[in-house]
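A.B. asks: Provided herewith is a single structure, encoded as C-alpha cells, for subsequent inquiry.
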There are 2 protein chains.
Amino acid sequence: MALCACGVDIHAHIIPFDFPAYAGGASPAGWPSMAPAQDCHHRSVMIDGKNYRTVSDTSWSASLRLADFAEMGLQLQAISPMPELLSYWLSPSAAAQLVRYLNEQIATMIGESQGQLIGLGAVPLQDLDLALTELRYMKEKLGLRGVEIGSNINGLVIGDPHWFPFFQACVSLDLPVFVHALRPAGMDRLVGPAALQQVLAYPTDVGLAAASVITGNLLSKLPGLRIAFSHGGGSLAMLLPRLQQATSVFPALKDTVRVPPAEQARQMFFDTLVFDAATLRHLVQSFGASQLMIGTDYPFNFHDHQPVERIRAAGFEEAVVEQLVHANARRFLGL
Amino acid sequence: MALCACGVDIHAHIIPFDFPAYAGGASPAGWPSMAPAQDCHHRSVMIDGKNYRTVSDTSWSASLRLADFAEMGLQLQAISPMPELLSYWLSPSAAAQLVRYLNEQIATMIGESQGQLIGLGAVPLQDLDLALTELRYMKEKLGLRGVEIGSNINGLVIGDPHWFPFFQACVSLDLPVFVHALRPAGMDRLVGPAALQQVLAYPTDVGLAAASVITGNLLSKLPGLRIAFSHGGGSLAMLLPRLQQATSVFPALKDTVRVPPAEQARQMFFDTLVFDAATLRHLVQSFGASQLMIGTDYPFNFHDHQPVERIRAAGFEEAVVEQLVHANARRFLGL
C-alpha cells in the first residue's frame with residue numbers, strides 16, 4: 001500500500017456507459033456505441049461493428065474509480081476521453097456532437113467526485129472554429145480544467161503551424177493541454193500482435209509529436225502554454241540529445257530552432273508512465289524534476305497500478321518525490 | 001587529444017570517388033554518379049539528377065581517413081557504404097552490380113589501410129538468393145568481415161520472418177550484421193528542414209527495427225547472430241521498458257515473445273552515437289556495458305569527432321571504458 005494518498009494523476013481515461021444515437025440520421029462511420037460484454041461489470045466499445053475494446057465499469061463510474069484511489073496512492077485524477085473517442089475522422093458536425101457528449105459525461109463524473117476528479121475535455125480539431133467554440137464551452141459551462149488532444153490530427157502532427165490558433169486559445173483560456181498518442185506513425189514497422197500499436201507505436205508517435213513542438217518553436221511563440229505528453233514523452237528522451245547536437249551542425253536547423261531543444265524540453269511536461277525506475281531517473285535528468293507528473297492510463301489493462309510507490313522506489317530525494325507525485329501536476333493543471 | 005589511440009569504430013561510411021556506368025544500357029532510376037563540387041577535396045553524390053549529398057575526399061581515400069585516427073582516438077574502423085547506396089529500390093540485377101562495385105571499393109580501401117580498416121559490405125536484399133551469393137563472395141573473395149543492412153528493406157522491417165534466411169546465412173558465414181537507419185518511418189511527423197530525416201526519423205526507424213528483432217524472436221532462433229544497431233539503437237531504450245511490461249499484461253504478447261525483451265536487448269549490440277553523457281550512461285544501464293561500441297558516422301558532417309573522449313567523459317570505471325572503446329567491437333567483429 002502507498003504511504004500517502006496525495007498523488008495527482010494527469011493521465012486517466014473515461015468511456016461513458018452509453019453513447020447517444022447520432023442526431024441527424026444514420027450513424028456515420030466511426031460513431032461509437034456500447035454493447036454488453038462478459039458480465040455486468042464490463043461493456044464493449046463498438047466502432048463500425050467491431051469490438052474496439054472491452055472495458056470495466058470503472059470507465060464510467062466515479063464512485064468505483066474513487067474506490068481505487070487509496071491503493072494507488074491518489075488524491076486527485078484528471079480524466080480525459082479514451083483517445084480513440086477524440087474522433088478527428090468524423091465530419092466536423094458529428095464530431096462536435098460526440099465530443100460535447102463526452103465533455104458533459106466528464107462534467108457529470110466530476111460532479112459526483114467530491115472534488116477528486118477534474119476534467120480534460122475533447123475538441124473537434126478537424127474544424128478549428130468548432131474546436132475553439134467547444135474549448136470555451138467546456139471551460140465556462142462545464143467547468144473542465146484542460147484539454148486532451150492527439151499527438152497528430154488525421155496525420156498532421158501537433159507542431160505544425162496549422163494548430164497555432166488552437167494553442168493560442170488554450171493560453172488565452174488558461175487551459176493546459178495533454179497530448180496523447182493516437183493513430184500512430186510506425187505501424188508498418190511492427191512484427192507481432194495488435195497490442196504493439198499501443199506498446200511501440202504510441203511512444204513513437206508521441207516522441208515525434210513532442211519533437212515537432214520543439215522544431216516548430218511553439219513554446220517560444222507561446223511561453224505561457226502548459227503542454228504535457230503521455231508515456232513519458234515516448235521516444236523523445238532518445239531523440240533530444242541528437243536534436244540538440246544537430247542544431248550546432250546543420251545551418252538550416254540552427255536558423256530554424258532558435259531556443260536550444262534541450263532547454264525547450266524543460267518547458268514541457270511529461271507523465272511518469274514508463275514502468276522502469278532507471279528510465280524514470282533518466283527522464284528526470286533529461287527533462288528536469290519540475291516537469292514530470294504521475295500518469296497511469298487508468299483504468300485500462302495496461303495501466304500503472306502503483307504510480308506513487310513506483311516513484312518512491314526510484315530513489316529520488318523527498319523534494320523530488322513530492323514534485324513528481326503532486327506538485328508538478330498541480331502547477332500543470334493550474335490548481 | 002585522446003589519451004590512447006585504441007578505439008574501434010563500427011559505424012563509418014565510404015563513398016567511392018566515382019561510380020561505373022550501369023552495365024546494361026541506360027542507367028536505371030536511382031543509379032548514382034559523382035560530380036565535382038566546390039573544390040578538389042569535395043564531390044557530390046548525384047541521384048536522379050539531384051545532389052543527394054556533397055562529401056569530402058575522406059569518403060574514398062584510405063590515407064586521408066587514417067590521418068584523422070589519432071585525433072579521434074581510433075586504431076581501427078569498420079567501413080560500410082553510405083546507407084542510401086544500399087539501393088534496395090533498384091532492380092535485383094542492377095543492385096547486384098552496384099553493391100559488388102561498392103564491396104570491391106571497400107576491399108581496395110582495406111588493402112591500402114595497413115590493417116586499420118575492415119569492411120562491412122552491402123548485399124542486394126531485394127533478392128534473397130542474390131544477397132546470399134554476394135554475402136559469400138564478400139567474405140570469401142573480398143575478405144570483408146561483416147555486412148551492413150537497412151533498418152527496413154523497401155518498408156519491410158528487418159524483424160519480419162521474411163529475412164530469416166539472410167540472418168541464418170550470416171550466422172553460417174560468421175558475419176556480424178550492422179543495422180543502419182534508412183528511408184525511415186515517421187517522415188510525415190517532421191516539422192522543419194530536411195535534415196530532420198537524419199536527426200529524428202533515423203533514430204525512430206532504427207528503434208522500431210530493433211524492437212521488431214525482439215518481438216520477432218530473431219535471437220531466440222539464432223543465438224549465434226551478432227547484430228548491432230546504429231545511433232545507440234535510436235528510440236529503443238525508451239520503447240524497451242514498456243515492451244517489457246507489456247509482455248506481462250497482454251496474453252498475445254506473452255505467448256509470442258518468449259524471452260523477456262529486456263534480456264533480448266542485452267544480446268544485441270549498439271553504437272555509442274548519442275552525443276550525450278547521461279544518455280550514454282542510460283544505454284549502458286539498459287543494454288549492458290558489454291553491448292556498446294564506438295560509432296561515429298565518420299566522415300559526414302554530423303559525425304562524432306571525439307568518440308573516445310566522449311566515453312571517457314561519461315565517468316565510467318576503466319573496465320567499462322575499455323569495453324566501450326574497443327573490447328566489445330572486437331567481439332562483435334569477430335577479431
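By order of appearance in the C-alpha cells: chains A, B, ..., then residues from 1 within every chain, and ligands from 1 in the order shown.
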Please list as an mmCIF file with N, CA and C atoms, in the first residue's frame every residue within 8 Å of stretch 136-153 of chain A, counting only C-alpha atoms and excluding residues in the same chain fewer than 6 positions away.
C.D. replies:
```cif
data_model
loop_
_atom_site.group_PDB
_atom_site.id
_atom_site.type_symbol
_atom_site.label_atom_id
_atom_site.label_comp_id
_atom_site.auth_asym_id
_atom_site.auth_seq_id
_atom_site.Cartn_x
_atom_site.Cartn_y
_atom_site.Cartn_z
ATOM 1 N N SER A 80 -9.780 12.104 -18.967
ATOM 2 C CA SER A 80 -9.924 12.520 -20.365
ATOM 3 C C SER A 80 -10.511 11.346 -21.146
ATOM 4 N N PRO A 81 -11.103 11.621 -22.306
ATOM 5 C CA PRO A 81 -11.684 10.514 -23.085
ATOM 6 C C PRO A 81 -10.626 9.498 -23.515
ATOM 7 N N PRO A 83 -8.526 7.945 -26.019
ATOM 8 C CA PRO A 83 -8.106 8.731 -27.184
ATOM 9 C C PRO A 83 -8.849 8.422 -28.484
ATOM 10 N N LEU A 86 -11.586 10.655 -29.543
ATOM 11 C CA LEU A 86 -11.376 12.040 -29.985
ATOM 12 C C LEU A 86 -11.961 12.263 -31.385
ATOM 13 N N TYR A 88 -11.349 12.523 -34.598
ATOM 14 C CA TYR A 88 -10.977 13.558 -35.568
ATOM 15 C C TYR A 88 -11.377 13.192 -36.999
ATOM 16 N N ASN A 103 -17.723 15.525 -23.117
ATOM 17 C CA ASN A 103 -17.386 16.571 -22.141
ATOM 18 C C ASN A 103 -18.463 16.683 -21.062
ATOM 19 N N GLU A 104 -19.730 16.515 -21.456
ATOM 20 C CA GLU A 104 -20.817 16.536 -20.463
ATOM 21 C C GLU A 104 -20.712 15.338 -19.519
ATOM 22 N N ALA A 107 -18.077 16.075 -17.075
ATOM 23 C CA ALA A 107 -18.578 17.036 -16.085
ATOM 24 C C ALA A 107 -19.463 16.342 -15.052
ATOM 25 N N ILE A 118 -10.915 15.863 -11.905
ATOM 26 C CA ILE A 118 -11.030 17.079 -12.696
ATOM 27 C C ILE A 118 -10.961 16.677 -14.170
ATOM 28 N N GLY A 119 -11.434 17.566 -15.047
ATOM 29 C CA GLY A 119 -11.675 17.140 -16.419
ATOM 30 C C GLY A 119 -10.755 17.748 -17.446
ATOM 31 N N LEU A 120 -10.283 16.886 -18.364
ATOM 32 C CA LEU A 120 -9.576 17.329 -19.569
ATOM 33 C C LEU A 120 -10.465 16.914 -20.740
ATOM 34 N N GLY A 121 -11.098 17.881 -21.368
ATOM 35 C CA GLY A 121 -12.099 17.584 -22.382
ATOM 36 C C GLY A 121 -11.520 17.359 -23.764
ATOM 37 N N ALA A 122 -12.436 17.136 -24.711
ATOM 38 C CA ALA A 122 -12.064 16.913 -26.118
ATOM 39 C C ALA A 122 -12.639 18.035 -26.964
ATOM 40 N N VAL A 123 -11.970 18.327 -28.074
ATOM 41 C CA VAL A 123 -12.479 19.328 -29.012
ATOM 42 C C VAL A 123 -12.335 18.787 -30.442
ATOM 43 N N LEU A 125 -10.941 18.994 -33.459
ATOM 44 C CA LEU A 125 -9.866 19.743 -34.112
ATOM 45 C C LEU A 125 -9.903 19.661 -35.639
ATOM 46 N N GLN A 126 -10.758 18.802 -36.196
ATOM 47 C CA GLN A 126 -10.876 18.796 -37.668
ATOM 48 C C GLN A 126 -11.507 20.090 -38.165
ATOM 49 N N LEU A 173 -7.343 31.016 -22.584
ATOM 50 C CA LEU A 173 -8.335 30.477 -21.644
ATOM 51 C C LEU A 173 -7.677 29.833 -20.424
ATOM 52 N N LEU A 175 -5.984 27.075 -20.243
ATOM 53 C CA LEU A 175 -6.272 25.635 -20.212
ATOM 54 C C LEU A 175 -5.016 24.857 -20.584
ATOM 55 N N PRO A 176 -4.537 23.976 -19.710
ATOM 56 C CA PRO A 176 -3.393 23.130 -20.077
ATOM 57 C C PRO A 176 -3.795 22.082 -21.117
ATOM 58 N N VAL A 177 -2.809 21.614 -21.873
ATOM 59 C CA VAL A 177 -3.035 20.661 -22.968
ATOM 60 C C VAL A 177 -2.329 19.349 -22.647
ATOM 61 N N PHE A 178 -3.083 18.270 -22.682
ATOM 62 C CA PHE A 178 -2.499 16.933 -22.501
ATOM 63 C C PHE A 178 -2.493 16.232 -23.860
ATOM 64 N N VAL A 179 -1.279 15.879 -24.326
ATOM 65 C CA VAL A 179 -1.118 15.270 -25.652
ATOM 66 C C VAL A 179 -1.005 13.760 -25.493
ATOM 67 N N HIS A 180 -1.904 13.032 -26.123
ATOM 68 C CA HIS A 180 -1.888 11.568 -26.040
ATOM 69 C C HIS A 180 -1.648 10.977 -27.424
ATOM 70 N N ALA A 181 -0.848 9.925 -27.472
ATOM 71 C CA ALA A 181 -0.612 9.218 -28.729
ATOM 72 C C ALA A 181 -1.933 8.763 -29.334
ATOM 73 N N LEU A 182 -1.998 8.797 -30.668
ATOM 74 C CA LEU A 182 -3.231 8.434 -31.381
ATOM 75 C C LEU A 182 -2.890 8.080 -32.819
ATOM 76 N N ARG A 183 -3.489 6.985 -33.341
ATOM 77 C CA ARG A 183 -3.309 6.583 -34.749
ATOM 78 C C ARG A 183 -1.870 6.856 -35.203
ATOM 79 N N PRO A 184 -0.956 6.120 -34.616
ATOM 80 C CA PRO A 184 0.469 6.475 -34.656
ATOM 81 C C PRO A 184 1.197 6.151 -35.955
ATOM 82 N N ASP A 205 4.982 7.765 -31.714
ATOM 83 C CA ASP A 205 4.262 8.928 -32.227
ATOM 84 C C ASP A 205 4.309 10.101 -31.258
ATOM 85 N N VAL A 206 4.226 9.821 -29.982
ATOM 86 C CA VAL A 206 4.216 10.938 -29.027
ATOM 87 C C VAL A 206 5.608 11.569 -28.946
ATOM 88 N N ALA A 209 5.793 13.812 -31.905
ATOM 89 C CA ALA A 209 4.929 14.983 -31.684
ATOM 90 C C ALA A 209 5.633 16.000 -30.783
ATOM 91 N N LEU A 333 -1.910 21.743 -13.953
ATOM 92 C CA LEU A 333 -3.371 21.858 -14.018
ATOM 93 C C LEU A 333 -3.871 23.229 -13.577
#
```
A.B. asks: Tell me the residues of chain A close to chain B, meaning within 7 Å using only C-alpha atoms, as JSON, numbers by chain.
C.D. replies: {"A": [157, 159, 160, 185, 186, 189, 190, 191, 192, 193, 199, 200, 203, 204, 208, 209, 212, 215, 216, 234, 235, 238, 239, 241, 242, 243, 245, 246, 249, 252, 253, 274, 275, 276, 282, 302]}
A.B. asks: Which neighbours of B:Leu128 fall inside 10 Å, counting only C-alpha atoms, when residues of the same chain fewer than 6 positions from it are skipped, and could you give them as a VMD selection string?
C.D. replies: chain B and resid 92 134 162 to 163 165 to 166
A.B. asks: Could you dump the residues just selected with all heavy atoms as a PDB file, in the first residue's frame?
C.D. replies:
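The new file selection.pdb reads:
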```pdb
ATOM      1  N   PRO B  92      16.911  -6.139 -58.924  1.00  0.00           N
ATOM      2  CA  PRO B  92      17.920  -7.015 -58.319  1.00  0.00           C
ATOM      3  C   PRO B  92      19.223  -7.054 -59.106  1.00  0.00           C
ATOM      4  O   PRO B  92      20.306  -6.983 -58.511  1.00  0.00           O
ATOM      5  CB  PRO B  92      17.229  -8.385 -58.301  1.00  0.00           C
ATOM      6  CG  PRO B  92      15.772  -8.056 -58.209  1.00  0.00           C
ATOM      7  CD  PRO B  92      15.588  -6.798 -59.013  1.00  0.00           C
ATOM      8  N   GLU B 134      26.135 -12.738 -52.785  1.00  0.00           N
ATOM      9  CA  GLU B 134      27.057 -11.634 -52.525  1.00  0.00           C
ATOM     10  C   GLU B 134      27.677 -11.748 -51.134  1.00  0.00           C
ATOM     11  O   GLU B 134      28.844 -11.386 -50.927  1.00  0.00           O
ATOM     12  CB  GLU B 134      26.334 -10.285 -52.679  1.00  0.00           C
ATOM     13  CG  GLU B 134      27.252  -9.078 -52.613  1.00  0.00           C
ATOM     14  CD  GLU B 134      28.292  -9.053 -53.749  1.00  0.00           C
ATOM     15  OE1 GLU B 134      28.039  -9.658 -54.812  1.00  0.00           O
ATOM     16  OE2 GLU B 134      29.363  -8.445 -53.552  1.00  0.00           O
ATOM     17  N   HIS B 162      10.420 -12.844 -43.085  1.00  0.00           N
ATOM     18  CA  HIS B 162      10.939 -12.940 -44.462  1.00  0.00           C
ATOM     19  C   HIS B 162      12.461 -12.946 -44.497  1.00  0.00           C
ATOM     20  O   HIS B 162      13.064 -13.573 -45.377  1.00  0.00           O
ATOM     21  CB  HIS B 162      10.416 -11.753 -45.287  1.00  0.00           C
ATOM     22  CG  HIS B 162      10.977 -11.675 -46.681  1.00  0.00           C
ATOM     23  ND1 HIS B 162      10.517 -12.461 -47.712  1.00  0.00           N
ATOM     24  CD2 HIS B 162      11.978 -10.915 -47.209  1.00  0.00           C
ATOM     25  CE1 HIS B 162      11.194 -12.184 -48.817  1.00  0.00           C
ATOM     26  NE2 HIS B 162      12.086 -11.254 -48.544  1.00  0.00           N
ATOM     27  N   TRP B 163      13.102 -12.228 -43.568  1.00  0.00           N
ATOM     28  CA  TRP B 163      14.554 -12.048 -43.625  1.00  0.00           C
ATOM     29  C   TRP B 163      15.320 -13.146 -42.908  1.00  0.00           C
ATOM     30  O   TRP B 163      16.555 -13.122 -42.880  1.00  0.00           O
ATOM     31  CB  TRP B 163      14.945 -10.668 -43.053  1.00  0.00           C
ATOM     32  CG  TRP B 163      14.205  -9.560 -43.711  1.00  0.00           C
ATOM     33  CD1 TRP B 163      13.307  -8.706 -43.142  1.00  0.00           C
ATOM     34  CD2 TRP B 163      14.270  -9.184 -45.101  1.00  0.00           C
ATOM     35  NE1 TRP B 163      12.797  -7.838 -44.080  1.00  0.00           N
ATOM     36  CE2 TRP B 163      13.377  -8.106 -45.290  1.00  0.00           C
ATOM     37  CE3 TRP B 163      14.994  -9.665 -46.197  1.00  0.00           C
ATOM     38  CZ2 TRP B 163      13.182  -7.505 -46.535  1.00  0.00           C
ATOM     39  CZ3 TRP B 163      14.796  -9.068 -47.430  1.00  0.00           C
ATOM     40  CH2 TRP B 163      13.905  -7.995 -47.587  1.00  0.00           C
ATOM     41  N   PRO B 165      16.154 -16.284 -43.575  1.00  0.00           N
ATOM     42  CA  PRO B 165      17.240 -16.998 -44.294  1.00  0.00           C
ATOM     43  C   PRO B 165      18.513 -16.160 -44.425  1.00  0.00           C
ATOM     44  O   PRO B 165      19.619 -16.708 -44.395  1.00  0.00           O
ATOM     45  CB  PRO B 165      16.631 -17.271 -45.678  1.00  0.00           C
ATOM     46  CG  PRO B 165      15.152 -17.213 -45.468  1.00  0.00           C
ATOM     47  CD  PRO B 165      14.921 -16.199 -44.385  1.00  0.00           C
ATOM     48  N   PHE B 166      18.346 -14.846 -44.577  1.00  0.00           N
ATOM     49  CA  PHE B 166      19.527 -13.983 -44.653  1.00  0.00           C
ATOM     50  C   PHE B 166      20.310 -14.025 -43.342  1.00  0.00           C
ATOM     51  O   PHE B 166      21.533 -14.216 -43.324  1.00  0.00           O
ATOM     52  CB  PHE B 166      19.114 -12.546 -44.996  1.00  0.00           C
ATOM     53  CG  PHE B 166      20.204 -11.547 -44.738  1.00  0.00           C
ATOM     54  CD1 PHE B 166      21.324 -11.496 -45.557  1.00  0.00           C
ATOM     55  CD2 PHE B 166      20.139 -10.686 -43.645  1.00  0.00           C
ATOM     56  CE1 PHE B 166      22.351 -10.602 -45.306  1.00  0.00           C
ATOM     57  CE2 PHE B 166      21.159  -9.787 -43.393  1.00  0.00           C
ATOM     58  CZ  PHE B 166      22.271  -9.755 -44.219  1.00  0.00           C
TER      59      PHE B 166
END
```
A.B. asks: Got a sec: who's within 12 Å of B:Gly30, counting only C-alpha atoms, leaving out chain neighbours fewer than 4 positions off, as a list in words?
C.D. replies: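 Listed by chain and then number, they are Tyr22, Ala26, Val45, Met46, Ile47, Asp48, Gly49, Lys50, Tyr52, Glu84, Leu85, Leu86, Ser87, Tyr88, Trp89, Leu90, Ser91, Ala94, Ala95 and Leu98 of chain B.
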A.B. asks: For stretch 293-300 of chain A, work out the shell of residues within 9 Å, counting only C-alpha atoms and skipping chain neighbours fewer than 4 positions away, then give it as a VMD selection string.
C.D. replies: chain A and resid 7 to 14 55 to 56 58 to 59 65 230 to 232 269 to 273 304 to 308 311 323 to 329 332
A.B. asks: Name the closest residue to A:Phe316 among the candidates A:Ala37, A:Leu280, A:Val259, A:Leu335; distances are taken between atoms, counting only C-alpha atoms.
C.D. replies: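 With only C-alpha atoms as the atom set, the closest residue is A:Leu280.
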A.B. asks: Suppose you want the space between atom CA of A:Gln114 and atom CA of A:Phe19; what is it in Å?
C.D. replies: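 Atom-to-atom, atom CA of A:Gln114 and atom CA of A:Phe19 are spaced 24.9 Å apart.
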A.B. asks: My list of candidates is B:Leu130, B:Leu74, B:Ala169, B:Ala265. Which is closest to B:Gly224 when distances are computed with only C-alpha atoms?
C.D. replies: B:Ala169
A.B. asks: As a count of residues only, list the residues of stretch 126-195 of chain B assigned to alpha helix (DSSP H) by DSSP on the backbone atoms of this structure.
C.D. replies: 22
A.B. asks: List every residue of stretch 21-221 of chain A that DSSP, applied to the backbone, labels as strand (DSSP E or B), and write the result as a PyMOL selection string.
C.D. replies: chain A and resi 32-36+42-47+50-56+74-81+117-121+146-150+152-153+156-157+177-180
A.B. asks: Would you please work out which residue, of B:Ser220, B:Gln267, B:Thr108, B:Ser93, is nearest to B:Ser63 when using only C-alpha atoms?
C.D. replies: B:Thr108
A.B. asks: I'd like the neighbourhood of B:Gln75 as an NGL selection string, where a residue qualifies if any of its atoms comes within 8 Å (using only C-alpha atoms), though same-chain residues fewer than 2 positions away should be ignored.
C.D. replies: :B and (5-8 or 69-70 or 73 or 77 or 116)
A.B. asks: Give me a file of those residues, with N, CA and C atoms, as a PDB file, in the first residue's frame.
C.D. replies:
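Contents of the output file part-v6.pdb:
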```pdb
ATOM      1  N   ALA B   5      45.089   5.698 -28.639  1.00  0.00           N
ATOM      2  CA  ALA B   5      44.561   5.560 -29.992  1.00  0.00           C
ATOM      3  C   ALA B   5      44.219   4.095 -30.168  1.00  0.00           C
ATOM      4  N   CYS B   6      43.292   3.628 -29.342  1.00  0.00           N
ATOM      5  CA  CYS B   6      42.944   2.209 -29.344  1.00  0.00           C
ATOM      6  C   CYS B   6      41.478   1.979 -29.664  1.00  0.00           C
ATOM      7  N   GLY B   7      40.755   3.059 -30.050  1.00  0.00           N
ATOM      8  CA  GLY B   7      39.322   2.936 -30.295  1.00  0.00           C
ATOM      9  C   GLY B   7      39.011   2.135 -31.547  1.00  0.00           C
ATOM     10  N   VAL B   8      37.910   1.403 -31.501  1.00  0.00           N
ATOM     11  CA  VAL B   8      37.409   0.681 -32.667  1.00  0.00           C
ATOM     12  C   VAL B   8      36.021   1.240 -32.990  1.00  0.00           C
ATOM     13  N   PHE B  69      42.709   9.428 -37.570  1.00  0.00           N
ATOM     14  CA  PHE B  69      42.547   8.459 -36.483  1.00  0.00           C
ATOM     15  C   PHE B  69      43.116   8.969 -35.157  1.00  0.00           C
ATOM     16  N   ALA B  70      44.295   9.581 -35.193  1.00  0.00           N
ATOM     17  CA  ALA B  70      44.956   9.976 -33.939  1.00  0.00           C
ATOM     18  C   ALA B  70      44.074  10.934 -33.153  1.00  0.00           C
ATOM     19  N   GLY B  73      41.173   9.229 -31.688  1.00  0.00           N
ATOM     20  CA  GLY B  73      41.489   8.172 -30.716  1.00  0.00           C
ATOM     21  C   GLY B  73      41.238   6.779 -31.259  1.00  0.00           C
ATOM     22  N   GLN B  77      38.738   0.978 -37.815  1.00  0.00           N
ATOM     23  CA  GLN B  77      37.415   1.456 -38.210  1.00  0.00           C
ATOM     24  C   GLN B  77      36.782   0.453 -39.171  1.00  0.00           C
ATOM     25  N   GLN B 116      44.169  -1.128 -40.706  1.00  0.00           N
ATOM     26  CA  GLN B 116      43.394  -0.241 -39.821  1.00  0.00           C
ATOM     27  C   GLN B 116      41.938  -0.049 -40.245  1.00  0.00           C
TER      28      GLN B 116
END
```
A.B. asks: Do you have the atom CA of B:Leu225-atom CA of B:Val171 distance handy?
C.D. replies: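 We find that atom CA of B:Leu225 and atom CA of B:Val171 lie 5.5 Å from each other.
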